[in-house]
Amino acid sequence: MKVIKLLKNGISQAVALVTQVIKDGGVVVLPFDTVYGFACDPRNNKALRTIFSLKGRDLAKPIGIAVDSINRLSEIVDMKNIEFIQSHSPGPYTFILLAKQTNLSPLCLKGQTVAVRIPDSELIRNIAGAVGGAIAQTSANKAGEPDCGSYQDFCDQFNLDELNEIDLFIIGETISNPRPSQIFDLTGESPHEIDR
């Protein structure tokens, strides 16, 4: 696993590195606005299965997607409750909507729905934009274990063999209170918050 420290003036360099790894089918760990998270190409089944394996995650629980903008969101999903999405984006919110793109991996879909978000992170939005508008993303922790707010938190949960399955780790600032995003089902007439 290659480890790079994110410098305040080095976002463009980090974006370039991560973009290449994701396009090459790799798995990265990044500081999101909520927690440290895994990311990969949402069309690459092999990379997605690596993330499922590392987390010990049930394959029946699909991995969500982060996008770079509202416009990109509208390309991927049928937009409902648009005012709600606009008032909660970018931010720590995930929206469940009907997918209209058919090239996403089944590992990112639950039936015909997909969980999507626009993170409040310039780094993540820039990476998503550079790889075509979207990245698959989920918290970088073992299933059932605490969310990670730092490189050390992450290393405490994963062994050396598992770390070797990750291509790149970007160290950003420590996230003092790591919490996953709130999830809202927007497939109905009005937003419905889903308990984790």
# chains A, B, ... in the order shown; residues from 1 in each chain; ligands from 1
>>> select_by_dssp(residues="segment 11-186 of chain A", states="helix (DSSP H, G or I)", output="PyMOL selection string")
chain A and resi 11-23+45-55+70-76+82-87+106-108+122-130+151-157+160-163
>>> write_last_selection(atoms="C-alpha atoms", output="CSV table (one decimal), in the first residue's frame")
chain,number,residue,atom,x,y,z
A,11,ILE,CA,-4.8,18.6,-3.9
A,12,SER,CA,-4.2,18.5,-7.7
A,13,GLN,CA,-1.3,16.0,-7.2
A,14,ALA,CA,-3.5,13.8,-5.0
A,15,VAL,CA,-6.3,13.9,-7.5
A,16,ALA,CA,-4.0,12.9,-10.3
A,17,LEU,CA,-2.6,9.9,-8.3
A,18,VAL,CA,-6.0,8.7,-7.1
A,19,THR,CA,-7.5,9.1,-10.5
A,20,GLN,CA,-4.9,6.9,-12.1
A,21,VAL,CA,-5.2,4.2,-9.5
A,22,ILE,CA,-9.0,4.1,-9.8
A,23,LYS,CA,-8.9,4.0,-13.7
A,45,ASN,CA,-16.6,-5.7,-10.0
A,46,LYS,CA,-13.1,-6.9,-9.0
A,47,ALA,CA,-12.2,-3.7,-7.1
A,48,LEU,CA,-15.7,-3.7,-5.5
A,49,ARG,CA,-15.3,-7.3,-4.4
A,50,THR,CA,-11.9,-6.4,-2.8
A,51,ILE,CA,-13.6,-3.7,-0.7
A,52,PHE,CA,-16.4,-6.1,0.3
A,53,SER,CA,-13.8,-8.7,1.3
A,54,LEU,CA,-11.7,-6.2,3.3
A,55,LYS,CA,-14.7,-4.9,5.2
A,70,ILE,CA,-26.0,17.9,-9.0
A,71,ASN,CA,-25.8,17.8,-12.8
A,72,ARG,CA,-23.9,14.5,-12.6
A,73,LEU,CA,-26.4,13.2,-10.1
A,74,SER,CA,-29.2,13.8,-12.6
A,75,GLU,CA,-27.3,11.7,-15.2
A,76,ILE,CA,-27.1,8.7,-12.9
A,82,ILE,CA,-34.9,18.0,-6.1
A,83,GLU,CA,-35.3,20.8,-3.6
A,84,PHE,CA,-34.4,18.5,-0.8
A,85,ILE,CA,-31.2,17.3,-2.6
A,86,GLN,CA,-30.2,20.9,-3.4
A,87,SER,CA,-30.6,22.0,0.2
A,106,PRO,CA,-24.7,-4.8,-9.5
A,107,LEU,CA,-22.7,-4.4,-6.3
A,108,CYS,CA,-23.7,-0.7,-6.2
A,122,GLU,CA,-13.2,19.4,-2.7
A,123,LEU,CA,-10.8,16.5,-2.9
A,124,ILE,CA,-13.5,13.9,-3.4
A,125,ARG,CA,-15.6,15.9,-5.8
A,126,ASN,CA,-12.5,16.6,-7.9
A,127,ILE,CA,-11.6,12.9,-8.0
A,128,ALA,CA,-15.1,11.9,-8.9
A,129,GLY,CA,-15.1,14.5,-11.7
A,130,ALA,CA,-11.7,13.3,-13.0
A,151,TYR,CA,-4.6,6.6,9.3
A,152,GLN,CA,-3.9,5.1,12.7
A,153,ASP,CA,-7.5,4.2,13.3
A,154,PHE,CA,-7.5,2.4,10.0
A,155,CYS,CA,-4.2,0.5,10.6
A,156,ASP,CA,-5.6,-0.6,14.0
A,157,GLN,CA,-8.4,-2.6,12.2
A,160,LEU,CA,-0.6,-6.3,6.9
A,161,ASP,CA,-2.0,-8.8,4.3
A,162,GLU,CA,-5.2,-6.7,4.0
A,163,LEU,CA,-3.2,-3.5,3.7
>>> residues_around(residues="segment 95-102 of chain A", least_positions_apart="6", cutoff="9 Å", atoms="only C-alpha atoms", output="MDAnalysis selection string")
chainID A and resid 75:80 85 109 111:117 182:187 191
>>> write_last_selection(atoms="N, CA and C atoms", output="PDB file, in the first residue's frame")
ATOM      1  N   GLU A  75     -27.606  12.649 -14.147  1.00  0.00           N
ATOM      2  CA  GLU A  75     -27.269  11.711 -15.220  1.00  0.00           C
ATOM      3  C   GLU A  75     -27.359  10.266 -14.747  1.00  0.00           C
ATOM      4  N   ILE A  76     -27.203  10.064 -13.432  1.00  0.00           N
ATOM      5  CA  ILE A  76     -27.113   8.717 -12.873  1.00  0.00           C
ATOM      6  C   ILE A  76     -28.452   8.223 -12.333  1.00  0.00           C
ATOM      7  N   VAL A  77     -29.257   9.135 -11.796  1.00  0.00           N
ATOM      8  CA  VAL A  77     -30.512   8.744 -11.152  1.00  0.00           C
ATOM      9  C   VAL A  77     -31.680   9.564 -11.673  1.00  0.00           C
ATOM     10  N   ASP A  78     -32.879   9.024 -11.454  1.00  0.00           N
ATOM     11  CA  ASP A  78     -34.088   9.802 -11.700  1.00  0.00           C
ATOM     12  C   ASP A  78     -34.246  10.766 -10.533  1.00  0.00           C
ATOM     13  N   MET A  79     -34.234  12.037 -10.822  1.00  0.00           N
ATOM     14  CA  MET A  79     -34.265  13.059  -9.778  1.00  0.00           C
ATOM     15  C   MET A  79     -35.679  13.234  -9.216  1.00  0.00           C
ATOM     16  N   LYS A  80     -35.810  12.966  -7.916  1.00  0.00           N
ATOM     17  CA  LYS A  80     -37.044  13.250  -7.193  1.00  0.00           C
ATOM     18  C   LYS A  80     -36.666  14.074  -5.973  1.00  0.00           C
ATOM     19  N   ILE A  85     -32.622  17.620  -2.236  1.00  0.00           N
ATOM     20  CA  ILE A  85     -31.247  17.297  -2.624  1.00  0.00           C
ATOM     21  C   ILE A  85     -30.400  18.570  -2.675  1.00  0.00           C
ATOM     22  N   LEU A 109     -25.931  -1.565  -6.643  1.00  0.00           N
ATOM     23  CA  LEU A 109     -27.377  -1.425  -6.817  1.00  0.00           C
ATOM     24  C   LEU A 109     -28.146  -2.329  -5.866  1.00  0.00           C
ATOM     25  N   GLY A 111     -31.754  -3.702  -6.134  1.00  0.00           N
ATOM     26  CA  GLY A 111     -32.873  -3.683  -7.059  1.00  0.00           C
ATOM     27  C   GLY A 111     -32.590  -2.652  -8.129  1.00  0.00           C
ATOM     28  N   GLN A 112     -33.459  -1.682  -8.240  1.00  0.00           N
ATOM     29  CA  GLN A 112     -33.277  -0.615  -9.230  1.00  0.00           C
ATOM     30  C   GLN A 112     -32.798   0.686  -8.587  1.00  0.00           C
ATOM     31  N   THR A 113     -32.426   0.630  -7.311  1.00  0.00           N
ATOM     32  CA  THR A 113     -32.007   1.852  -6.621  1.00  0.00           C
ATOM     33  C   THR A 113     -30.509   1.886  -6.365  1.00  0.00           C
ATOM     34  N   VAL A 114     -30.018   3.101  -6.170  1.00  0.00           N
ATOM     35  CA  VAL A 114     -28.608   3.315  -5.847  1.00  0.00           C
ATOM     36  C   VAL A 114     -28.533   4.404  -4.785  1.00  0.00           C
ATOM     37  N   ALA A 115     -27.563   4.290  -3.882  1.00  0.00           N
ATOM     38  CA  ALA A 115     -27.326   5.301  -2.844  1.00  0.00           C
ATOM     39  C   ALA A 115     -26.262   6.262  -3.357  1.00  0.00           C
ATOM     40  N   VAL A 116     -26.600   7.547  -3.435  1.00  0.00           N
ATOM     41  CA  VAL A 116     -25.694   8.539  -4.011  1.00  0.00           C
ATOM     42  C   VAL A 116     -25.536   9.735  -3.073  1.00  0.00           C
ATOM     43  N   ARG A 117     -24.389  10.382  -3.163  1.00  0.00           N
ATOM     44  CA  ARG A 117     -24.169  11.590  -2.369  1.00  0.00           C
ATOM     45  C   ARG A 117     -23.186  12.525  -3.055  1.00  0.00           C
ATOM     46  N   GLN A 182     -26.025  10.672   6.876  1.00  0.00           N
ATOM     47  CA  GLN A 182     -27.428  10.336   7.062  1.00  0.00           C
ATOM     48  C   GLN A 182     -27.993   9.860   5.736  1.00  0.00           C
ATOM     49  N   ILE A 183     -28.878   8.874   5.792  1.00  0.00           N
ATOM     50  CA  ILE A 183     -29.444   8.304   4.569  1.00  0.00           C
ATOM     51  C   ILE A 183     -30.919   8.658   4.464  1.00  0.00           C
ATOM     52  N   PHE A 184     -31.305   9.141   3.287  1.00  0.00           N
ATOM     53  CA  PHE A 184     -32.704   9.468   3.025  1.00  0.00           C
ATOM     54  C   PHE A 184     -33.183   8.730   1.775  1.00  0.00           C
ATOM     55  N   ASP A 185     -34.282   8.016   1.918  1.00  0.00           N
ATOM     56  CA  ASP A 185     -34.926   7.378   0.778  1.00  0.00           C
ATOM     57  C   ASP A 185     -35.784   8.440   0.091  1.00  0.00           C
ATOM     58  N   LEU A 186     -35.438   8.745  -1.154  1.00  0.00           N
ATOM     59  CA  LEU A 186     -36.158   9.774  -1.893  1.00  0.00           C
ATOM     60  C   LEU A 186     -36.993   9.174  -3.025  1.00  0.00           C
ATOM     61  N   THR A 187     -37.242   7.875  -2.968  1.00  0.00           N
ATOM     62  CA  THR A 187     -38.007   7.249  -4.043  1.00  0.00           C
ATOM     63  C   THR A 187     -39.507   7.486  -3.898  1.00  0.00           C
ATOM     64  N   PRO A 191     -39.141  12.835   1.438  1.00  0.00           N
ATOM     65  CA  PRO A 191     -37.938  12.188   1.992  1.00  0.00           C
ATOM     66  C   PRO A 191     -38.255  11.382   3.256  1.00  0.00           C
TER      67      PRO A 191
END
>>> select_by_dssp(residues="segment 9-196 of chain A", states="strand (DSSP E)", output="VMD selection string")
chain A and resid 28 to 31 36 to 40 64 to 67 93 to 98 113 to 117 134 to 139 168 to 171 182 to 185 192 to 194
>>> write_last_selection(atoms="N, CA and C atoms", output="compact mmCIF listing (two decimals), in the first residue's frame")
# COMPACT_ATOMS: atom_id res chain seq x y z
N VAL A 28 -8.57 2.60 -3.27
CA VAL A 28 -7.91 3.64 -2.50
C VAL A 28 -8.68 3.91 -1.22
N VAL A 29 -7.99 4.51 -0.25
CA VAL A 29 -8.63 5.00 0.97
C VAL A 29 -8.39 6.50 1.04
N LEU A 30 -9.48 7.23 1.30
CA LEU A 30 -9.44 8.69 1.22
C LEU A 30 -10.13 9.32 2.42
N PRO A 31 -9.72 10.54 2.80
CA PRO A 31 -10.46 11.28 3.82
C PRO A 31 -11.69 11.96 3.20
N TYR A 36 -13.01 8.28 6.98
CA TYR A 36 -12.12 7.76 5.95
C TYR A 36 -12.88 6.67 5.21
N GLY A 37 -12.76 6.67 3.87
CA GLY A 37 -13.55 5.74 3.09
C GLY A 37 -12.76 5.05 2.00
N PHE A 38 -13.24 3.85 1.65
CA PHE A 38 -12.73 3.15 0.47
C PHE A 38 -13.35 3.78 -0.77
N ALA A 39 -12.63 3.74 -1.87
CA ALA A 39 -13.17 4.21 -3.15
C ALA A 39 -12.59 3.40 -4.29
N CYS A 40 -13.41 3.25 -5.33
CA CYS A 40 -12.97 2.56 -6.55
C CYS A 40 -13.92 2.92 -7.68
N GLY A 64 -22.36 2.50 -1.96
CA GLY A 64 -22.89 3.73 -2.54
C GLY A 64 -21.93 4.40 -3.49
N ILE A 65 -22.39 5.54 -4.01
CA ILE A 65 -21.63 6.28 -5.02
C ILE A 65 -21.54 7.75 -4.61
N ALA A 66 -20.37 8.34 -4.81
CA ALA A 66 -20.19 9.77 -4.61
C ALA A 66 -20.02 10.42 -5.98
N VAL A 67 -20.69 11.55 -6.18
CA VAL A 67 -20.60 12.26 -7.46
C VAL A 67 -20.11 13.68 -7.22
N TYR A 93 -24.88 13.71 3.56
CA TYR A 93 -26.19 13.11 3.30
C TYR A 93 -26.11 12.18 2.09
N THR A 94 -26.77 11.04 2.21
CA THR A 94 -26.86 10.07 1.13
C THR A 94 -28.32 9.93 0.72
N PHE A 95 -28.55 9.87 -0.58
CA PHE A 95 -29.90 9.79 -1.12
C PHE A 95 -30.10 8.48 -1.87
N ILE A 96 -31.17 7.78 -1.56
CA ILE A 96 -31.52 6.57 -2.31
C ILE A 96 -32.52 6.96 -3.39
N LEU A 97 -32.14 6.69 -4.64
CA LEU A 97 -32.96 7.07 -5.79
C LEU A 97 -32.93 5.96 -6.84
N LEU A 98 -33.85 5.99 -7.76
CA LEU A 98 -33.87 5.01 -8.85
C LEU A 98 -32.72 5.30 -9.82
N THR A 113 -32.43 0.63 -7.31
CA THR A 113 -32.01 1.85 -6.62
C THR A 113 -30.51 1.89 -6.36
N VAL A 114 -30.02 3.10 -6.17
CA VAL A 114 -28.61 3.31 -5.85
C VAL A 114 -28.53 4.40 -4.78
N ALA A 115 -27.56 4.29 -3.88
CA ALA A 115 -27.33 5.30 -2.84
C ALA A 115 -26.26 6.26 -3.36
N VAL A 116 -26.60 7.55 -3.44
CA VAL A 116 -25.69 8.54 -4.01
C VAL A 116 -25.54 9.73 -3.07
N ARG A 117 -24.39 10.38 -3.16
CA ARG A 117 -24.17 11.59 -2.37
C ARG A 117 -23.19 12.53 -3.06
N ALA A 134 -18.18 9.91 -11.09
CA ALA A 134 -18.64 9.14 -9.93
C ALA A 134 -17.59 8.14 -9.46
N ILE A 135 -17.55 7.92 -8.15
CA ILE A 135 -16.72 6.85 -7.58
C ILE A 135 -17.60 6.04 -6.62
N ALA A 136 -17.33 4.75 -6.56
CA ALA A 136 -17.96 3.91 -5.53
C ALA A 136 -17.27 4.23 -4.22
N GLN A 137 -18.04 4.32 -3.13
CA GLN A 137 -17.45 4.70 -1.84
C GLN A 137 -18.23 4.11 -0.68
N THR A 138 -17.47 3.73 0.34
CA THR A 138 -18.05 3.24 1.58
C THR A 138 -17.03 3.45 2.69
N SER A 139 -17.47 3.43 3.93
CA SER A 139 -16.55 3.69 5.04
C SER A 139 -15.43 2.66 5.10
N LEU A 168 -3.56 2.55 -2.61
CA LEU A 168 -3.14 3.90 -2.23
C LEU A 168 -3.96 4.38 -1.03
N PHE A 169 -3.28 5.01 -0.09
CA PHE A 169 -3.94 5.63 1.06
C PHE A 169 -3.53 7.11 1.08
N ILE A 170 -4.52 7.99 1.06
CA ILE A 170 -4.26 9.42 1.15
C ILE A 170 -4.54 9.87 2.58
N ILE A 171 -3.51 10.35 3.27
CA ILE A 171 -3.68 10.82 4.65
C ILE A 171 -4.02 12.30 4.62
N GLN A 182 -26.03 10.67 6.88
CA GLN A 182 -27.43 10.34 7.06
C GLN A 182 -27.99 9.86 5.74
N ILE A 183 -28.88 8.87 5.79
CA ILE A 183 -29.44 8.30 4.57
C ILE A 183 -30.92 8.66 4.46
N PHE A 184 -31.30 9.14 3.29
CA PHE A 184 -32.70 9.47 3.02
C PHE A 184 -33.18 8.73 1.77
N ASP A 185 -34.28 8.02 1.92
CA ASP A 185 -34.93 7.38 0.78
C ASP A 185 -35.78 8.44 0.09
N HIS A 192 -37.63 10.21 3.33
CA HIS A 192 -37.81 9.33 4.49
C HIS A 192 -36.43 8.93 5.00
N GLU A 193 -36.09 9.33 6.24
CA GLU A 193 -34.78 8.98 6.79
C GLU A 193 -34.74 7.51 7.16
N ILE A 194 -33.62 6.88 6.85
CA ILE A 194 -33.44 5.46 7.12
C ILE A 194 -32.46 5.28 8.26
>>> residues_around(residues="Gly149 of chain A", least_positions_apart="2", cutoff="7 Å", atoms="only C-alpha atoms", output="PyMOL selection string")
chain A and resi 35-36+147+153+174-176+178
>>> decode(residues="segment 163-175 of chain A", atoms="N, CA and C atoms", output="PDB file, in the first residue's frame")
ATOM      1  N   LEU A 163      -3.739  -4.785   4.147  1.00  0.00           N
ATOM      2  CA  LEU A 163      -3.207  -3.498   3.687  1.00  0.00           C
ATOM      3  C   LEU A 163      -2.558  -3.637   2.315  1.00  0.00           C
ATOM      4  N   ASN A 164      -1.997  -4.810   2.036  1.00  0.00           N
ATOM      5  CA  ASN A 164      -1.352  -5.034   0.733  1.00  0.00           C
ATOM      6  C   ASN A 164      -2.356  -5.100  -0.414  1.00  0.00           C
ATOM      7  N   GLU A 165      -3.650  -5.283  -0.093  1.00  0.00           N
ATOM      8  CA  GLU A 165      -4.684  -5.315  -1.135  1.00  0.00           C
ATOM      9  C   GLU A 165      -5.145  -3.910  -1.521  1.00  0.00           C
ATOM     10  N   ILE A 166      -4.680  -2.914  -0.784  1.00  0.00           N
ATOM     11  CA  ILE A 166      -5.061  -1.521  -1.048  1.00  0.00           C
ATOM     12  C   ILE A 166      -3.917  -0.864  -1.821  1.00  0.00           C
ATOM     13  N   ASP A 167      -4.268  -0.157  -2.872  1.00  0.00           N
ATOM     14  CA  ASP A 167      -3.237   0.414  -3.737  1.00  0.00           C
ATOM     15  C   ASP A 167      -2.700   1.746  -3.240  1.00  0.00           C
ATOM     16  N   LEU A 168      -3.562   2.549  -2.611  1.00  0.00           N
ATOM     17  CA  LEU A 168      -3.142   3.898  -2.228  1.00  0.00           C
ATOM     18  C   LEU A 168      -3.959   4.383  -1.034  1.00  0.00           C
ATOM     19  N   PHE A 169      -3.276   5.012  -0.092  1.00  0.00           N
ATOM     20  CA  PHE A 169      -3.935   5.634   1.062  1.00  0.00           C
ATOM     21  C   PHE A 169      -3.534   7.107   1.077  1.00  0.00           C
ATOM     22  N   ILE A 170      -4.517   7.986   1.059  1.00  0.00           N
ATOM     23  CA  ILE A 170      -4.255   9.423   1.148  1.00  0.00           C
ATOM     24  C   ILE A 170      -4.540   9.874   2.583  1.00  0.00           C
ATOM     25  N   ILE A 171      -3.514  10.347   3.274  1.00  0.00           N
ATOM     26  CA  ILE A 171      -3.679  10.823   4.645  1.00  0.00           C
ATOM     27  C   ILE A 171      -4.022  12.303   4.625  1.00  0.00           C
ATOM     28  N   GLY A 172      -5.185  12.636   5.131  1.00  0.00           N
ATOM     29  CA  GLY A 172      -5.572  14.023   5.295  1.00  0.00           C
ATOM     30  C   GLY A 172      -5.597  14.377   6.767  1.00  0.00           C
ATOM     31  N   GLU A 173      -6.312  15.410   7.112  1.00  0.00           N
ATOM     32  CA  GLU A 173      -6.433  15.783   8.517  1.00  0.00           C
ATOM     33  C   GLU A 173      -7.260  14.736   9.258  1.00  0.00           C
ATOM     34  N   THR A 174      -6.993  14.603  10.552  1.00  0.00           N
ATOM     35  CA  THR A 174      -7.781  13.690  11.378  1.00  0.00           C
ATOM     36  C   THR A 174      -9.220  14.187  11.462  1.00  0.00           C
ATOM     37  N   ILE A 175     -10.155  13.261  11.284  1.00  0.00           N
ATOM     38  CA  ILE A 175     -11.572  13.588  11.416  1.00  0.00           C
ATOM     39  C   ILE A 175     -11.939  13.338  12.870  1.00  0.00           C
TER      40      ILE A 175
END
